[in-house]
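Enquirer: As input, take entry33.txt (compact mmCIF, C-alpha atoms):
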```txt
# COMPACT_ATOMS: atom_id res chain seq x y z
CA MET A 509 5.93 -4.38 6.75
CA ASN A 510 2.59 -4.53 8.51
CA THR A 511 -0.83 -3.32 7.46
CA PRO A 512 -0.99 -0.04 9.46
CA ILE A 513 2.16 1.19 7.72
CA ARG A 514 0.69 0.33 4.34
CA LEU A 515 -2.56 2.06 5.25
CA SER A 516 -0.75 5.21 6.39
CA ARG A 517 1.17 5.27 3.10
CA LEU A 518 -2.06 4.83 1.17
CA ARG A 519 -3.78 7.53 3.21
CA GLY A 520 -0.87 9.94 2.69
CA ALA A 521 -0.83 9.36 -1.06
CA VAL A 522 -4.59 9.81 -1.43
CA VAL A 523 -4.73 12.93 0.78
CA GLY A 524 -1.78 14.58 -0.94
CA GLY A 525 -2.89 13.69 -4.45
CA THR A 526 -6.50 14.70 -4.05
CA SER A 527 -5.54 17.93 -2.30
CA ALA A 528 -3.45 18.98 -5.28
CA VAL A 529 -5.88 17.85 -7.97
CA THR A 530 -9.10 19.18 -6.46
CA GLY A 531 -7.43 22.40 -5.33
CA ALA A 532 -6.19 23.14 -8.83
CA LEU A 533 -9.54 22.14 -10.38
CA ALA A 534 -11.49 24.27 -7.88
CA HIS A 535 -9.44 27.33 -8.74
CA ALA A 536 -9.69 26.58 -12.46
CA THR A 537 -13.48 26.39 -12.05
CA ALA A 538 -13.64 29.65 -10.11
CA GLN A 539 -11.18 31.65 -12.24
CA GLY A 540 -11.71 30.03 -15.62
CA MET A 541 -8.11 28.88 -16.14
CA LEU A 542 -5.49 26.69 -14.54
CA PRO A 543 -2.71 28.33 -12.53
CA GLU A 544 0.72 28.78 -14.06
CA THR A 545 3.22 25.94 -14.16
CA SER A 546 5.35 27.34 -11.36
CA VAL A 547 2.28 27.60 -9.12
CA LEU A 548 1.28 24.05 -10.01
CA LEU A 549 4.77 22.86 -9.04
CA MET A 550 4.42 24.60 -5.67
CA VAL A 551 1.00 22.98 -5.23
CA GLY A 552 2.52 19.60 -6.04
CA ALA A 553 5.30 20.15 -3.49
CA ALA A 554 2.75 21.20 -0.87
CA ALA A 555 0.67 18.10 -1.66
CA VAL A 556 3.72 15.87 -1.24
CA ALA A 557 4.44 17.57 2.10
CA VAL A 558 0.83 17.01 3.20
CA GLY A 559 1.04 13.35 2.15
CA ILE A 560 4.30 12.82 4.05
CA GLY A 561 2.80 14.52 7.11
CA VAL A 562 -0.26 12.26 7.00
CA ARG A 563 1.93 9.21 6.53
CA ALA A 564 4.10 10.20 9.50
CA ALA A 565 1.06 10.52 11.78
CA PRO A 566 -1.05 7.39 11.17
CA SER A 567 -3.40 8.28 14.05
CA VAL A 568 -4.80 11.26 12.11
CA ARG A 569 -8.32 10.61 10.83
CA ALA A 570 -9.04 10.80 7.12
CA LEU A 571 -11.54 13.68 7.05
CA PRO A 572 -9.45 16.19 9.07
CA ALA A 573 -6.41 15.30 6.96
CA LEU A 574 -8.35 15.89 3.74
CA VAL A 575 -9.77 19.19 4.98
CA ALA A 576 -6.32 20.38 6.10
CA GLY A 577 -4.82 19.43 2.73
CA GLN A 578 -7.58 21.25 0.86
CA ALA A 579 -7.15 24.34 3.07
CA LEU A 580 -3.37 24.42 2.55
CA VAL A 581 -3.59 24.07 -1.22
CA HIS A 582 -6.45 26.61 -1.38
CA LEU A 583 -4.48 29.14 0.64
CA LEU A 584 -1.38 28.59 -1.48
CA LEU A 585 -3.32 29.07 -4.72
CA VAL A 586 -5.10 32.20 -3.48
CA LEU A 587 -1.85 33.78 -2.31
CA THR A 588 0.03 33.03 -5.53
CA SER A 589 -2.75 33.87 -7.99
CA GLY A 590 -3.07 37.53 -7.07
CA HIS A 591 -6.88 37.25 -6.89
CA HIS A 592 -7.35 37.81 -3.18
CA HIS A 593 -10.92 38.97 -3.70
CA ASP A 594 -11.97 35.43 -4.81
CA LEU A 595 -10.90 33.91 -1.51
CA PHE A 596 -13.88 31.61 -1.51
CA THR A 597 -16.51 31.61 -4.25
CA ALA A 598 -19.49 29.26 -4.63
CA PRO A 599 -18.06 27.16 -7.52
CA MET A 600 -14.78 26.88 -5.66
CA ALA A 601 -16.54 25.77 -2.47
CA VAL A 602 -18.57 23.17 -4.37
CA MET A 603 -15.45 21.79 -6.05
CA HIS A 604 -13.48 21.61 -2.79
CA THR A 605 -16.40 19.88 -1.06
CA ALA A 606 -16.96 17.42 -3.89
CA GLY A 607 -13.25 16.63 -4.05
CA THR A 608 -13.07 16.07 -0.31
CA ILE A 609 -16.11 13.76 -0.31
CA ALA A 610 -14.86 11.81 -3.33
CA ALA A 611 -11.41 11.43 -1.78
CA LEU A 612 -12.94 10.31 1.52
CA LEU A 613 -15.01 7.64 -0.24
CA LEU A 614 -11.99 6.53 -2.27
CA LEU A 615 -9.82 6.35 0.82
CA CYS A 616 -12.36 4.43 2.90
CA GLY A 617 -12.95 1.96 0.09
CA ALA A 618 -9.23 1.47 -0.49
CA GLU A 619 -8.56 0.92 3.22
CA ILE A 620 -11.35 -1.66 3.44
CA LEU A 621 -9.98 -3.39 0.35
CA VAL A 622 -6.40 -3.43 1.72
CA ARG A 623 -7.58 -4.88 5.05
CA ALA A 624 -9.68 -7.55 3.32
CA VAL A 625 -6.92 -8.57 0.92
CA SER A 626 -4.28 -8.71 3.65
CA ALA A 627 -6.56 -10.79 5.89
CA LEU A 628 -7.24 -13.13 2.98
CA ALA A 629 -3.53 -13.44 2.26
CA VAL A 630 -2.75 -14.20 5.89
CA ARG A 631 -5.49 -16.81 5.99
CA ALA A 632 -4.37 -18.42 2.74
CA SER A 633 -0.74 -18.58 3.83
CA SER A 634 -1.64 -20.03 7.22
CA LEU A 635 -3.79 -22.71 5.59
CA ARG A 636 -1.07 -23.64 3.16
CA LEU A 637 1.77 -23.73 5.68
CA ARG A 638 -0.13 -25.58 8.40
CA PRO A 639 0.70 -29.29 8.62
CA ARG A 640 -2.17 -31.56 7.79
CA THR A 641 -3.63 -33.45 10.69
CA GLY A 642 -5.91 -36.41 10.42
CA TYR A 643 -3.74 -38.39 8.07
CA ALA A 644 -1.75 -41.24 9.55
CA ALA A 645 1.53 -41.85 7.86
CA VAL A 646 2.36 -45.52 7.55
CA VAL A 647 6.06 -46.23 7.29
CA VAL A 648 6.93 -49.64 5.96
CA PRO A 649 10.43 -50.61 7.01
CA ALA A 650 12.64 -52.03 4.31
CA PRO A 651 13.84 -55.56 4.90
CA PRO A 652 17.43 -55.64 6.10
CA GLN A 653 19.88 -56.79 3.47
CA ALA A 654 22.79 -58.86 4.51
CA ALA A 655 26.11 -57.44 3.52
CA PRO A 656 28.88 -59.82 2.47
CA ALA A 657 31.23 -60.67 5.32
CA ALA A 658 34.29 -59.32 3.46
CA LEU A 659 32.74 -55.87 3.12
CA VAL A 660 31.72 -55.79 6.75
CA PHE A 661 35.21 -56.87 7.77
CA LEU A 662 36.93 -54.15 5.68
CA GLY A 663 34.50 -51.45 6.88
CA ALA A 664 33.11 -50.76 3.44
CA VAL A 665 29.51 -51.83 3.73
CA GLY A 666 28.21 -49.94 0.67
CA ARG A 667 27.81 -51.73 -2.65
CA ARG A 668 28.93 -48.83 -4.81
CA GLY A 669 31.54 -49.66 -7.36
CA PRO A 670 33.95 -47.48 -9.34
CA PRO A 671 32.47 -44.86 -11.65
CA PHE A 672 31.38 -45.97 -15.09
CA SER A 673 33.80 -44.80 -17.76
CA VAL A 674 33.28 -44.76 -21.48
```
What does this structure look like when you write it as structure tokens?

Expert:
Amino acid sequence: MNTPIRLSRLRGAVVGGTSAVTGALAHATAQGMLPETSVLLMVGAAAVAVGIGVRAAPSVRALPALVAGQALVHLLLVLTSGHHHDLFTAPMAVMHTAGTIAALLLLCGAEILVRAVSALAVRASSLRLRPRTGYAAVVVPAPPQAAPAALVFLGAVGRRGPPFSV
């Protein structure tokens, strides 16, 4: 598994998660209460779909992906809440913007950290697995031992005897 695949997974998770969380918080700020559980489950499913879509297209930049995720969750929450007149209020806009900026900073920092850690791991493993040069290995040959003539004649040159029994 290489680093771009890990980064696309990380980007998909951050975009999907922050889209759901900041979308729900923005609507809670604007309307004074969180959406119902069924609506939150639909928001979660939409956030997972956004995350999978971002993971499948690793060439997508972070900011457009975050804005698209926020827009999808916002539209889903407006359509399911029944409050079509609060399509976009000032507190909601501030919360969506703050969530997008925070997610962008989190994502950029995490991607930099993943790249740095993976480069460090590659460097450490290449240093450890590389053979050492500069050291000369001196091999001292063992003096030849003369085998008894009877053993050489029979073809059994080893000096091993029968196993020791107790």

Enquirer: Can you pull out every residue within 10 Å of Ile560 in chain A, counting only C-alpha atoms, but drop anything in the same chain fewer than 6 positions away, and send it as an MDAnalysis selection string?

Expert: chainID A and resid 516:517 519:521 523:524 554

Enquirer: Might you pull out every residue within 10 Å of range 575-578 of chain A, with only C-alpha atoms counted and same-chain residues fewer than 3 positions away left off, and present them as a VMD selection string?

Expert: chain A and resid 523 to 532 554 to 555 557 to 559 562 570 to 572 581 to 584 604 to 605 607 to 609

Enquirer: Pick out the closest residue to Thr597 in chain A from this set: A:Ala534, A:Leu615, A:Ala579, A:Val522. Count all atoms listed in the file.

Expert: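 Closest to Thr597 in chain A of all the choices is A:Ala534.
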
Enquirer: For a quick check of understanding, using all atoms listed in the file, which of A:Val646, A:Ala624, A:Ala606, A:Leu587 has the smallest distance to Met550 in chain A?

Expert: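 Counting all atoms listed in the file, the residue closest to Met550 in chain A is A:Leu587.
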
Enquirer: Using only C-alpha atoms, can you tell me which of A:Ser634, A:Leu515, A:Val647, A:Thr537 comes closest to Pro599 in chain A?

Expert: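 Distance minimum relative to Pro599 in chain A lands on A:Thr537.
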
Enquirer: With distances taken over all atoms listed in the file, which residue among A:Leu518, A:Val568, A:Leu548, A:Leu612 lies nearest Leu533 in chain A?

Expert: A:Leu548

Enquirer: Tell me, in Å to one decimal, how far CA of Val551 in chain A is from CA of His535 in chain A.

Expert: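 If I compute the distance from CA of Val551 in chain A to CA of His535 in chain A, I get 11.8 Å.
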
Enquirer: I'd like the interatomic distance between CA of Leu574 in chain A and CA of Ala611 in chain A, to a tenth of an Å.

Expert: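 The value is 7.7 Å.
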